[in-house]
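Engineer: I'm passing along entry39.txt; it holds compact mmCIF, C-alpha atoms and all ligand atoms.
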```txt
# COMPACT_ATOMS: atom_id res chain seq x y z
CA MET A 1 164.69 29.17 88.29
CA LEU A 2 162.20 31.86 87.33
CA SER A 3 163.41 35.08 85.88
CA LYS A 4 162.25 38.21 87.60
CA ARG A 5 159.81 38.82 84.77
CA ASP A 6 158.38 35.28 84.93
CA PHE A 7 158.03 35.60 88.66
CA LEU A 8 156.16 38.86 88.39
CA ARG A 9 153.90 37.40 85.73
CA ALA A 10 153.22 34.27 87.74
CA ALA A 11 152.35 36.40 90.72
CA GLY A 12 150.05 38.49 88.57
CA LEU A 13 152.04 41.57 89.36
CA THR A 14 153.00 42.89 85.98
CA VAL A 15 151.27 46.13 85.31
CA ALA A 16 149.67 44.87 82.12
CA SER A 17 148.03 41.84 83.63
CA ARG A 18 146.93 43.67 86.75
CA VAL A 19 145.30 46.40 84.74
CA THR A 20 143.90 44.01 82.18
CA THR A 21 142.34 41.46 84.46
CA GLN A 22 141.23 43.53 87.39
CA ALA A 23 140.60 47.10 86.42
CA PHE A 24 139.69 47.83 82.83
CA GLU A 25 138.98 44.72 80.85
CA PRO A 26 135.78 43.52 82.55
CA SER A 27 134.07 46.87 82.30
CA ALA A 28 135.55 47.92 78.96
CA ASP A 29 133.42 45.34 77.23
CA ARG A 30 130.37 45.50 79.48
CA LYS A 31 127.10 46.85 78.18
CA VAL A 32 124.01 47.79 80.15
CA ILE A 33 120.44 48.11 78.97
CA ILE A 34 117.71 49.56 81.19
CA VAL A 35 114.17 48.72 80.09
CA THR A 36 111.29 50.53 81.75
CA PHE A 37 107.71 49.42 81.79
CA GLY A 38 107.03 53.14 81.50
CA GLY A 39 103.62 54.56 82.02
CA GLY A 40 103.28 52.46 85.10
CA VAL A 41 102.03 48.98 85.77
CA ARG A 42 100.88 47.33 88.97
CA TYR A 43 102.11 44.18 90.62
CA ALA A 44 98.57 42.88 90.21
CA GLU A 45 98.91 42.77 86.42
CA THR A 46 102.50 41.52 86.35
CA PHE A 47 104.32 39.42 88.96
CA ALA A 48 101.38 38.83 91.33
CA PRO A 49 100.06 35.27 90.81
CA GLU A 50 96.98 36.56 88.97
CA GLY A 51 99.14 38.76 86.70
CA LEU A 52 101.64 36.18 85.46
CA ALA A 53 99.46 35.27 82.48
CA ASN A 54 100.13 38.78 81.08
CA ILE A 55 103.92 38.45 81.17
CA PRO A 56 104.85 34.95 79.95
CA ARG A 57 108.33 35.96 78.70
CA LEU A 58 109.38 37.77 81.89
CA ALA A 59 107.87 35.06 84.07
CA ALA A 60 110.10 32.50 82.32
CA LEU A 61 113.19 34.75 82.26
CA LYS A 62 112.86 35.37 85.99
CA ASN A 63 114.31 31.90 86.62
CA GLU A 64 117.47 32.84 84.69
CA GLY A 65 118.13 36.07 86.53
CA PHE A 66 117.88 37.85 89.85
CA PHE A 67 114.48 39.12 90.92
CA TYR A 68 114.06 41.90 93.47
CA ARG A 69 110.55 41.51 94.85
CA ASP A 70 110.53 44.88 96.56
CA CYS A 71 111.87 47.69 94.36
CA ARG A 72 110.43 50.98 95.53
CA ASN A 73 109.81 54.25 93.79
CA LEU A 74 110.04 56.71 96.68
CA GLY A 75 110.06 59.81 94.50
CA VAL A 76 107.56 61.93 92.61
CA LEU A 77 105.05 59.62 90.90
CA SER A 78 105.19 61.24 87.48
CA HIS A 79 106.72 59.76 84.36
CA PHE A 80 109.59 62.15 83.75
CA ASN A 81 110.66 62.30 87.40
CA SER A 82 110.45 58.52 87.84
CA THR A 83 112.63 57.69 84.87
CA ALA A 84 114.97 60.63 85.55
CA SER A 85 115.48 59.19 89.06
CA ILE A 86 116.34 55.82 87.53
CA VAL A 87 118.99 57.31 85.21
CA THR A 88 120.49 59.82 87.68
CA GLY A 89 120.51 57.79 90.90
CA ASN A 90 118.98 60.73 92.75
CA TRP A 91 115.28 61.37 93.35
CA GLN A 92 114.27 64.03 90.87
CA ARG A 93 111.74 66.78 91.38
CA VAL A 94 111.72 68.70 88.12
CA ASP A 95 108.94 69.61 85.69
CA ASP A 96 106.60 66.64 85.21
CA PHE A 97 106.37 67.10 81.46
CA GLY A 98 110.00 67.26 80.45
CA PHE A 99 110.37 71.02 80.17
CA GLN A 100 113.42 70.84 82.43
CA PRO A 101 116.33 68.41 82.15
CA PRO A 102 117.21 66.15 85.08
CA ALA A 103 118.64 68.24 87.93
CA SER A 104 121.75 66.09 88.45
CA PRO A 105 124.08 64.25 86.05
CA THR A 106 122.73 61.20 84.25
CA LEU A 107 124.43 57.83 83.95
CA PHE A 108 125.01 58.67 80.29
CA GLU A 109 126.99 61.82 81.10
CA SER A 110 129.02 60.22 83.89
CA TYR A 111 129.84 57.27 81.68
CA ARG A 112 130.85 59.35 78.69
CA LYS A 113 132.98 61.71 80.75
CA GLN A 114 134.82 59.12 82.81
CA ARG A 115 135.30 56.48 80.15
CA ASN A 116 135.96 58.99 77.40
CA ALA A 117 133.13 57.37 75.44
CA GLY A 118 131.91 58.66 72.11
CA ALA A 119 128.58 60.11 71.06
CA MET A 120 127.34 56.79 69.70
CA ASP A 121 127.95 54.94 72.99
CA ALA A 122 124.91 56.16 74.92
CA TRP A 123 121.31 56.20 73.67
CA ALA A 124 117.83 56.60 75.07
CA ILE A 125 114.95 55.42 72.89
CA CYS A 126 111.63 56.44 74.34
CA THR A 127 107.96 56.14 73.51
CA ASN A 128 107.07 58.93 75.95
CA LYS A 129 107.12 62.17 73.99
CA SER A 130 108.16 64.26 77.00
CA PHE A 131 111.50 62.48 77.36
CA ALA A 132 113.52 64.59 74.88
CA THR A 133 115.71 65.95 77.70
CA MET A 134 116.21 62.58 79.45
CA GLY A 135 119.72 62.12 78.04
CA THR A 136 121.55 64.80 79.97
CA SER A 137 121.47 67.37 82.76
CA GLY A 138 123.72 69.59 80.67
CA GLY A 139 126.92 68.03 79.33
CA PRO A 140 127.37 65.44 76.57
CA GLY A 141 125.01 62.57 77.36
CA ALA A 142 122.73 60.14 75.53
CA ASN A 143 121.30 60.53 72.08
CA VAL A 144 117.56 60.59 72.62
CA ILE A 145 115.18 59.27 69.99
CA LEU A 146 111.40 59.56 70.29
CA PRO A 147 110.37 57.35 67.35
CA LYS A 148 106.62 57.60 67.83
CA GLN A 149 106.80 61.37 68.04
CA LEU A 150 108.88 61.55 64.88
CA LEU A 151 106.29 59.49 63.04
CA ILE A 152 103.37 61.51 64.40
CA GLU A 153 104.99 64.81 63.43
CA ALA A 154 105.67 63.52 59.93
CA VAL A 155 102.10 62.31 59.50
CA LYS A 156 100.71 65.60 60.84
CA ASP A 157 102.84 67.63 58.45
CA VAL A 158 101.72 65.55 55.50
CA VAL A 159 98.03 65.71 56.43
CA ARG A 160 98.29 69.49 56.86
CA GLY A 161 99.87 69.82 53.43
CA PRO A 162 97.95 71.13 50.38
CA GLY A 163 95.41 68.70 48.97
CA MET A 164 96.27 65.92 51.39
CA GLY A 165 93.43 64.55 53.45
CA VAL A 166 95.04 61.26 54.19
CA ALA A 167 98.69 60.57 54.88
CA ASP A 168 100.04 58.13 52.36
CA ARG A 169 103.18 56.21 53.12
CA GLU A 170 105.37 57.75 50.46
CA ASN A 171 104.60 61.26 51.58
CA VAL A 172 105.19 60.36 55.19
CA GLN A 173 108.49 58.82 54.21
CA ARG A 174 109.56 61.95 52.34
CA ARG A 175 108.59 64.15 55.27
CA LEU A 176 110.44 61.93 57.72
CA GLU A 177 113.57 62.11 55.63
CA SER A 178 113.53 65.87 55.50
CA MET A 179 112.77 66.11 59.23
CA LEU A 180 115.81 64.02 59.98
CA GLN A 181 117.84 66.29 57.73
CA GLU A 182 116.55 69.58 59.06
CA GLY A 183 116.85 68.98 62.75
CA TYR A 184 113.87 68.70 65.00
CA GLU A 185 115.60 68.66 68.35
CA GLY A 186 113.15 68.30 71.15
CA VAL A 187 110.47 67.00 68.82
CA GLY A 188 111.84 63.71 67.69
CA TRP A 189 115.49 63.48 68.46
CA THR A 190 118.50 64.99 70.21
CA ILE A 191 121.81 63.84 68.85
CA PHE A 192 125.10 65.02 70.24
CA LYS A 193 127.18 64.43 67.18
CA GLU A 194 128.05 67.58 65.23
CA GLY A 195 125.67 69.98 66.98
CA ARG A 196 122.45 70.50 65.06
CA GLN A 197 123.52 68.52 62.03
CA LEU A 198 122.45 64.92 62.29
CA ASP A 199 125.33 62.59 61.54
CA HIS A 200 124.85 61.08 58.10
CA ARG A 201 125.07 57.51 59.31
CA VAL A 202 122.61 58.14 62.12
CA GLN A 203 120.24 59.82 59.73
CA GLN A 204 120.42 56.94 57.28
CA THR A 205 119.93 54.34 59.99
CA LEU A 206 116.91 56.05 61.49
CA THR A 207 115.31 56.83 58.15
CA GLN A 208 115.81 53.29 56.93
CA ALA A 209 114.38 51.81 60.12
CA MET A 210 111.35 54.11 60.10
CA VAL A 211 110.68 53.50 56.43
CA GLU A 212 110.96 49.74 56.84
CA TYR A 213 108.59 49.99 59.74
CA ILE A 214 105.90 52.04 57.99
CA ASN A 215 106.13 49.86 54.89
CA GLY A 216 106.26 46.63 56.87
CA PRO A 217 103.66 43.88 56.72
CA ASP A 218 101.81 45.11 59.80
CA ALA A 219 100.19 48.48 60.06
CA PRO A 220 102.16 50.66 62.49
CA SER A 221 99.83 50.34 65.43
CA SER A 222 101.90 50.80 68.52
CA GLY A 223 104.46 53.30 69.72
CA ASP A 224 106.25 50.63 71.71
CA GLU A 225 106.68 48.38 68.67
CA LEU A 226 108.30 51.26 66.84
CA THR A 227 110.52 51.94 69.86
CA PHE A 228 111.62 48.31 69.85
CA PHE A 229 112.25 48.37 66.12
CA ILE A 230 114.44 51.50 66.32
CA THR A 231 116.26 50.14 69.39
CA ARG A 232 117.19 47.00 67.51
CA GLU A 233 118.49 49.01 64.56
CA VAL A 234 120.55 51.23 66.86
CA MET A 235 122.01 48.14 68.57
CA ARG A 236 122.91 46.57 65.25
CA GLU A 237 124.37 49.74 63.76
CA PHE A 238 126.06 51.49 66.70
CA SER A 239 126.29 48.90 69.53
CA PRO A 240 125.88 51.44 72.32
CA ARG A 241 127.21 50.43 75.73
CA VAL A 242 124.55 52.26 77.68
CA LEU A 243 120.99 52.11 76.51
CA LEU A 244 117.66 53.17 78.00
CA VAL A 245 114.53 51.75 76.39
CA ASN A 246 111.29 53.36 77.54
CA PHE A 247 108.09 51.50 76.67
CA TRP A 248 105.01 53.56 77.43
CA ASP A 249 101.91 52.22 75.67
CA MET A 250 100.44 50.89 78.92
CA ASP A 251 99.78 54.43 80.13
CA VAL A 252 96.68 54.18 77.89
CA ALA A 253 95.20 53.13 81.24
CA HIS A 254 94.47 56.83 81.92
CA TRP A 255 91.66 56.54 79.34
CA GLY A 256 89.98 53.92 81.46
CA ALA A 257 90.11 50.90 79.15
CA TYR A 258 91.36 48.00 81.22
CA SER A 259 91.57 45.72 78.19
CA LEU A 260 93.85 48.16 76.31
CA TYR A 261 96.03 48.48 79.41
CA LEU A 262 96.35 44.69 79.59
CA GLN A 263 97.10 44.43 75.87
CA ALA A 264 99.91 46.97 76.25
CA ILE A 265 101.41 44.99 79.15
CA VAL A 266 101.29 41.79 77.10
CA ARG A 267 102.98 43.61 74.21
CA THR A 268 105.68 45.13 76.43
CA ASP A 269 106.44 41.68 77.81
CA ARG A 270 106.75 40.33 74.27
CA LEU A 271 108.96 43.24 73.13
CA THR A 272 111.19 42.94 76.20
CA GLY A 273 111.55 39.23 75.41
CA MET A 274 112.46 40.11 71.82
CA LEU A 275 115.04 42.59 73.08
CA TRP A 276 116.58 39.83 75.18
CA ASP A 277 116.56 37.57 72.10
CA GLU A 278 118.44 40.27 70.19
CA VAL A 279 121.04 40.46 72.98
CA GLN A 280 121.53 36.69 72.65
CA ALA A 281 121.72 36.78 68.86
CA ASN A 282 124.04 39.80 68.55
CA PRO A 283 127.70 38.86 69.19
CA ARG A 284 128.48 42.41 70.31
CA TYR A 285 125.97 42.01 73.15
CA LYS A 286 125.85 38.30 73.98
CA ASP A 287 127.49 37.43 77.33
CA LYS A 288 128.55 41.08 77.81
CA THR A 289 125.23 42.66 78.59
CA THR A 290 123.37 43.21 81.81
CA LEU A 291 119.69 43.93 81.28
CA LEU A 292 117.66 45.59 84.02
CA VAL A 293 113.87 45.64 83.67
CA LEU A 294 111.58 47.57 86.00
CA PRO A 295 108.31 49.50 85.99
CA GLU A 296 108.82 53.24 86.08
CA LEU A 297 106.00 53.39 88.64
CA GLY A 298 102.89 51.47 89.64
CA ARG A 299 99.27 52.54 89.47
CA ASP A 300 96.61 53.21 92.09
CA GLY A 301 95.17 50.25 93.95
CA ASP A 302 91.56 49.15 93.64
CA VAL A 303 90.76 49.47 97.34
CA ASN A 304 90.16 52.86 98.98
CA THR A 305 91.04 54.81 95.87
CA ALA A 306 88.61 56.28 93.41
CA ASN A 307 89.89 55.02 90.12
CA GLY A 308 92.04 51.94 90.57
CA PHE A 309 94.32 51.25 87.61
CA LEU A 310 93.56 54.54 85.80
CA ASN A 311 96.00 56.82 87.58
CA HIS A 312 99.20 56.81 89.57
CA ARG A 313 98.79 59.61 92.04
CA SER A 314 97.60 58.10 95.32
CA GLY A 315 101.09 57.24 96.54
CA ASP A 316 99.82 53.96 98.00
CA ALA A 317 101.80 50.72 97.94
CA SER A 318 100.29 49.79 94.60
CA CYS A 319 101.91 52.93 93.13
CA ARG A 320 105.28 52.64 94.84
CA ASN A 321 106.15 48.99 95.46
CA MET A 322 107.44 47.51 92.25
CA TRP A 323 109.88 44.85 91.14
CA LEU A 324 113.23 44.75 89.37
CA LEU A 325 114.46 41.90 87.18
CA ALA A 326 118.17 41.65 86.35
CA LEU A 327 119.39 39.36 83.56
CA GLY A 328 122.62 38.49 81.84
CA ALA A 329 126.30 39.17 82.49
CA GLY A 330 127.33 39.29 86.14
CA VAL A 331 123.88 38.48 87.50
CA ALA A 332 123.53 35.80 90.17
CA LYS A 333 120.41 33.62 89.93
CA GLY A 334 117.92 34.06 92.69
CA GLU A 335 115.51 36.44 94.30
CA SER A 336 115.30 38.69 97.31
CA GLU A 337 112.72 40.39 99.52
CA LYS A 338 115.25 43.04 100.56
CA PRO A 339 113.93 46.52 99.75
CA VAL A 340 115.84 48.22 96.95
CA SER A 341 114.84 51.32 95.03
CA HIS A 342 114.79 52.98 91.63
CA ILE A 343 117.82 55.11 92.41
CA ASP A 344 119.96 51.98 92.96
CA VAL A 345 119.79 51.24 89.23
CA ALA A 346 122.17 54.05 88.17
CA ALA A 347 124.72 53.18 90.88
CA THR A 348 124.61 49.52 89.82
CA CYS A 349 125.11 50.38 86.15
CA ALA A 350 127.96 52.76 87.01
CA ASP A 351 129.75 49.95 88.87
CA LEU A 352 129.32 47.60 85.91
CA LEU A 353 130.72 50.20 83.52
CA GLY A 354 133.70 51.06 85.72
CA VAL A 355 132.39 54.52 86.49
CA LYS A 356 133.10 56.00 89.93
CA TRP A 357 130.13 58.14 90.79
CA ALA A 358 128.50 59.16 94.05
CA THR A 359 124.70 59.05 93.92
CA ALA A 360 122.02 58.68 96.58
CA GLY A 361 121.47 55.09 95.36
CA LYS A 362 123.61 52.06 96.21
CA ALA A 363 124.99 49.47 93.80
CA LEU A 364 123.20 46.13 94.14
CA PRO A 365 125.68 43.47 95.31
CA GLU A 366 123.92 40.62 93.46
CA ILE A 367 124.97 42.20 90.15
CA SER A 368 128.65 42.63 89.37
ZN ZN A 401 100.54 58.29 83.35
```
When written as structure tokens, how does the structure in this file appear?
Structural biologist:
Amino acid sequence: MLSKRDFLRAAGLTVASRVTTQAFEPSADRKVIIVTFGGGVRYAETFAPEGLANIPRLAALKNEGFFYRDCRNLGVLSHFNSTASIVTGNWQRVDDFGFQPPASPTLFESYRKQRNAGAMDAWAICTNKSFATMGTSGGPGANVILPKQLLIEAVKDVVRGPGMGVADRENVQRRLESMLQEGYEGVGWTIFKEGRQLDHRVQQTLTQAMVEYINGPDAPSSGDELTFFITREVMREFSPRVLLVNFWDMDVAHWGAYSLYLQAIVRTDRLTGMLWDEVQANPRYKDKTTLLVLPELGRDGDVNTANGFLNHRSGDASCRNMWLLALGAGVAKGESEKPVSHIDVAATCADLLGVKWATAGKALPEIS
């Protein structure tokens, strides 16, 4: 005969097992990474049949995940507003160049508040220099790192210095180190730990990663490569549970060079693939991570618009109708034509992280 305790346990009714298996445990360990093809890319150069050659990694990964064929950006077609809509779950209409924070709470804030998560648990690593305020609408949110901007500022300072026509690597390194000590909020980073003083471990990690990068075998040639490099260091050092990675090189399209635009897409595909490889290789991420990849926005179509791929202001289908690829933990395999939208991403991530949060978006049922 079962004791009362055995009976309760067998029925799954003890408090511990109910809480452990149904409420907290699945989300306590879950991590989410949002990757944006920021700067905007069209279907034509990505998942349209003629675009697949540019994205070999994503084209292959698509078969392992869930692909939403019709993910729409119905908001303002600027960079800051598009990505702010993704991370807040509400269509944003703030300053296009990042002079205002998002107008409603971000996923990072909601997560930190509800799950009592620490300052190292939420990060945004962005190539776009106007994203310094992307981490929060006001309260404690994500640490934001703008690696390319940090590097540019360091190089500029060195070149401006007395007797320095050309930035040499040692001087850049020294300048970077002091910038990370002094505090350059809004220029290269915003860290929540300890107010204006950058946490020593964060400072060391970032400095080390930047220095390794500028002294590495390849000349630092791309903001997105640096963003990837810093992201990987942050994952290895701090294992954040919520991470936004903004690639942005492809917005070079505004300058009118189609070949550079294509090169940036090919590179972003490769870097996104490498990020997925890191998730698989890192035991703190493997089998616990849901990765969501989507273009921030599209670009103008070639028909009936003046400039085609150069801009993203026409508001036509080529600008708005994008895709979303979900990979990893809790993702069913398959694809769907059902229209979803950018604001559904935050609601979906909130569900995965065990955060109760009302946004205009809806959690996607294929991801749990
Ligand atoms: Zn642009």
Engineer: What residues of the protein or nucleic acid chains come within 9 Å of ligand ZN 401 (chain A) when you use all atoms listed in the file? Reply as a VMD selection string.
Structural biologist: chain A and resid 38 to 40 77 to 79 248 250 to 254 299 310 to 313
Engineer: Under the rule that all atoms listed in the file are counted, which of A:Asn171, A:Asn73, A:Thr205, A:Ser336 is the nearest residue to A:Arg236?
Structural biologist: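 Going through A:Asn171, A:Asn73, A:Thr205, A:Ser336 one by one, the smallest distance to A:Arg236 is for A:Thr205.
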Engineer: Have a look at A:Ala326, A:Val331, A:Val345, A:Ala59 and name the one nearest to A:Ala84; count only C-alpha atoms.
Structural biologist: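 Using only C-alpha atoms, the shortest distance to A:Ala84 belongs to A:Val345.
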Engineer: May I have the residues within 10 Å of stretch 279-284 of chain A as a VMD selection string, using only C-alpha atoms and disregarding those fewer than 2 positions away in the same chain?
Structural biologist: chain A and resid 29 to 31 33 232 235 to 236 239 to 241 273 to 277 286 to 291 328
Engineer: Identify, on the basis of all atoms listed in the file, every residue whose closest approach to A:Arg93 does not exceed 12 Å; exclude the query and any residue fewer than 5 positions from it along the same chain; express the result as a list in words.
Structural biologist: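 Near A:Arg93, the qualifying residues are Leu74, Gly75, Val76, Leu77, Ser78, His79, Phe80, Asn81, Ser82, Thr83, Ala84, Ser85, Thr88, Gly98, Gln100, Pro101, Pro102, Ala103 and Ser104 of chain A.
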Engineer: If you take every atom of stretch 327-346 of chain A that the file lists and fit an axis-aligned box around them with 3 Å extra on each side, what centre and edge lengths come out in Å to one decimal, as JSON?
Structural biologist:
```
{"center_x": 120.0, "center_y": 44.4, "center_z": 91.2, "size_x": 20.6, "size_y": 27.5, "size_z": 24.7}
```
Engineer: For each of A:Gly334, A:Tyr213, A:Gln173, A:Glu237, take the minimum atom-to-atom distance to A:Arg201, counting all atoms listed in the file, then give the residue where this is smallest.
Structural biologist: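 Ranked by minimum distance to A:Arg201, first place goes to A:Glu237.
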Engineer: Give me the stretch 233-342 of chain A side of the contact with stretch 142-156 of chain A, cut-off 9 Å, one line per residue showing its nearest atom pair and distance in Å at one decimal, counting only C-alpha atoms, sorted by chain and residue number, as a Markdown table.
Structural biologist:
```
| residue | atom | partner | partner_atom | distance |
| --- | --- | --- | --- | --- |
| A:Val242 | CA | A:Ala142 | CA | 8.4 |
| A:Leu243 | CA | A:Ala142 | CA | 8.3 |
| A:Leu244 | CA | A:Ala142 | CA | 9.0 |
```
Engineer: Hey, can you check how far atom CA of A:Arg69 sits from atom CA of A:Ala317?
Structural biologist: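 Those two atoms sit 13.1 Å apart.
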Engineer: Here is a test: counting all atoms listed in the file, which residue of A:Asn246, A:Asn90, A:Asn54, A:Gln208 is nearest to A:Met134?
Structural biologist: A:Asn246
Engineer: Report the distance between atom CA of A:Tyr261 and atom CA of A:Met322 in Å, rounded to one decimal place.
Structural biologist: 17.2 Å
Engineer: Could you list as a ChimeraX atom specification every residue that has an atom within 7 Å of (122.5, 57.5, 93.9), using the file's coordinates and counting only C-alpha atoms?
Structural biologist: /A:88-90,343-344,346-347,358-362
Engineer: May I have the residues within 12 Å of stretch 43-45 of chain A as a CSV table (one decimal) with C-alpha atoms, keeping the file's coordinate frame, using only C-alpha atoms and disregarding those fewer than 6 positions away in the same chain?
Structural biologist:
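So the final result, stored in around14.csv, reads:
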```csv
chain,number,residue,atom,x,y,z
A,37,PHE,CA,107.7,49.4,81.8
A,51,GLY,CA,99.1,38.8,86.7
A,52,LEU,CA,101.6,36.2,85.5
A,53,ALA,CA,99.5,35.3,82.5
A,54,ASN,CA,100.1,38.8,81.1
A,55,ILE,CA,103.9,38.4,81.2
A,56,PRO,CA,104.8,35.0,80.0
A,69,ARG,CA,110.6,41.5,94.8
A,70,ASP,CA,110.5,44.9,96.6
A,71,CYS,CA,111.9,47.7,94.4
A,72,ARG,CA,110.4,51.0,95.5
A,250,MET,CA,100.4,50.9,78.9
A,258,TYR,CA,91.4,48.0,81.2
A,259,SER,CA,91.6,45.7,78.2
A,261,TYR,CA,96.0,48.5,79.4
A,262,LEU,CA,96.4,44.7,79.6
A,263,GLN,CA,97.1,44.4,75.9
A,264,ALA,CA,99.9,47.0,76.2
A,265,ILE,CA,101.4,45.0,79.2
A,266,VAL,CA,101.3,41.8,77.1
A,269,ASP,CA,106.4,41.7,77.8
A,294,LEU,CA,111.6,47.6,86.0
A,295,PRO,CA,108.3,49.5,86.0
A,297,LEU,CA,106.0,53.4,88.6
A,298,GLY,CA,102.9,51.5,89.6
A,299,ARG,CA,99.3,52.5,89.5
A,300,ASP,CA,96.6,53.2,92.1
A,301,GLY,CA,95.2,50.2,94.0
A,302,ASP,CA,91.6,49.2,93.6
A,308,GLY,CA,92.0,51.9,90.6
A,309,PHE,CA,94.3,51.2,87.6
A,317,ALA,CA,101.8,50.7,97.9
A,318,SER,CA,100.3,49.8,94.6
A,319,CYS,CA,101.9,52.9,93.1
A,320,ARG,CA,105.3,52.6,94.8
A,321,ASN,CA,106.2,49.0,95.5
A,322,MET,CA,107.4,47.5,92.2
A,323,TRP,CA,109.9,44.8,91.1
A,324,LEU,CA,113.2,44.8,89.4
```
Engineer: Just to confirm, what's the straight-line distance from atom CA of A:Arg174 to atom CA of A:Ala132 in Å (one decimal)?
Structural biologist: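 According to the coordinates, atom CA of A:Arg174 and atom CA of A:Ala132 are separated by 23.0 Å.
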Engineer: Of the candidates A:Pro140, A:Gly135, A:Pro49, A:Gly65, which shows the shortest atom-to-atom distance to A:Gln114, using only C-alpha atoms?
Structural biologist: A:Pro140
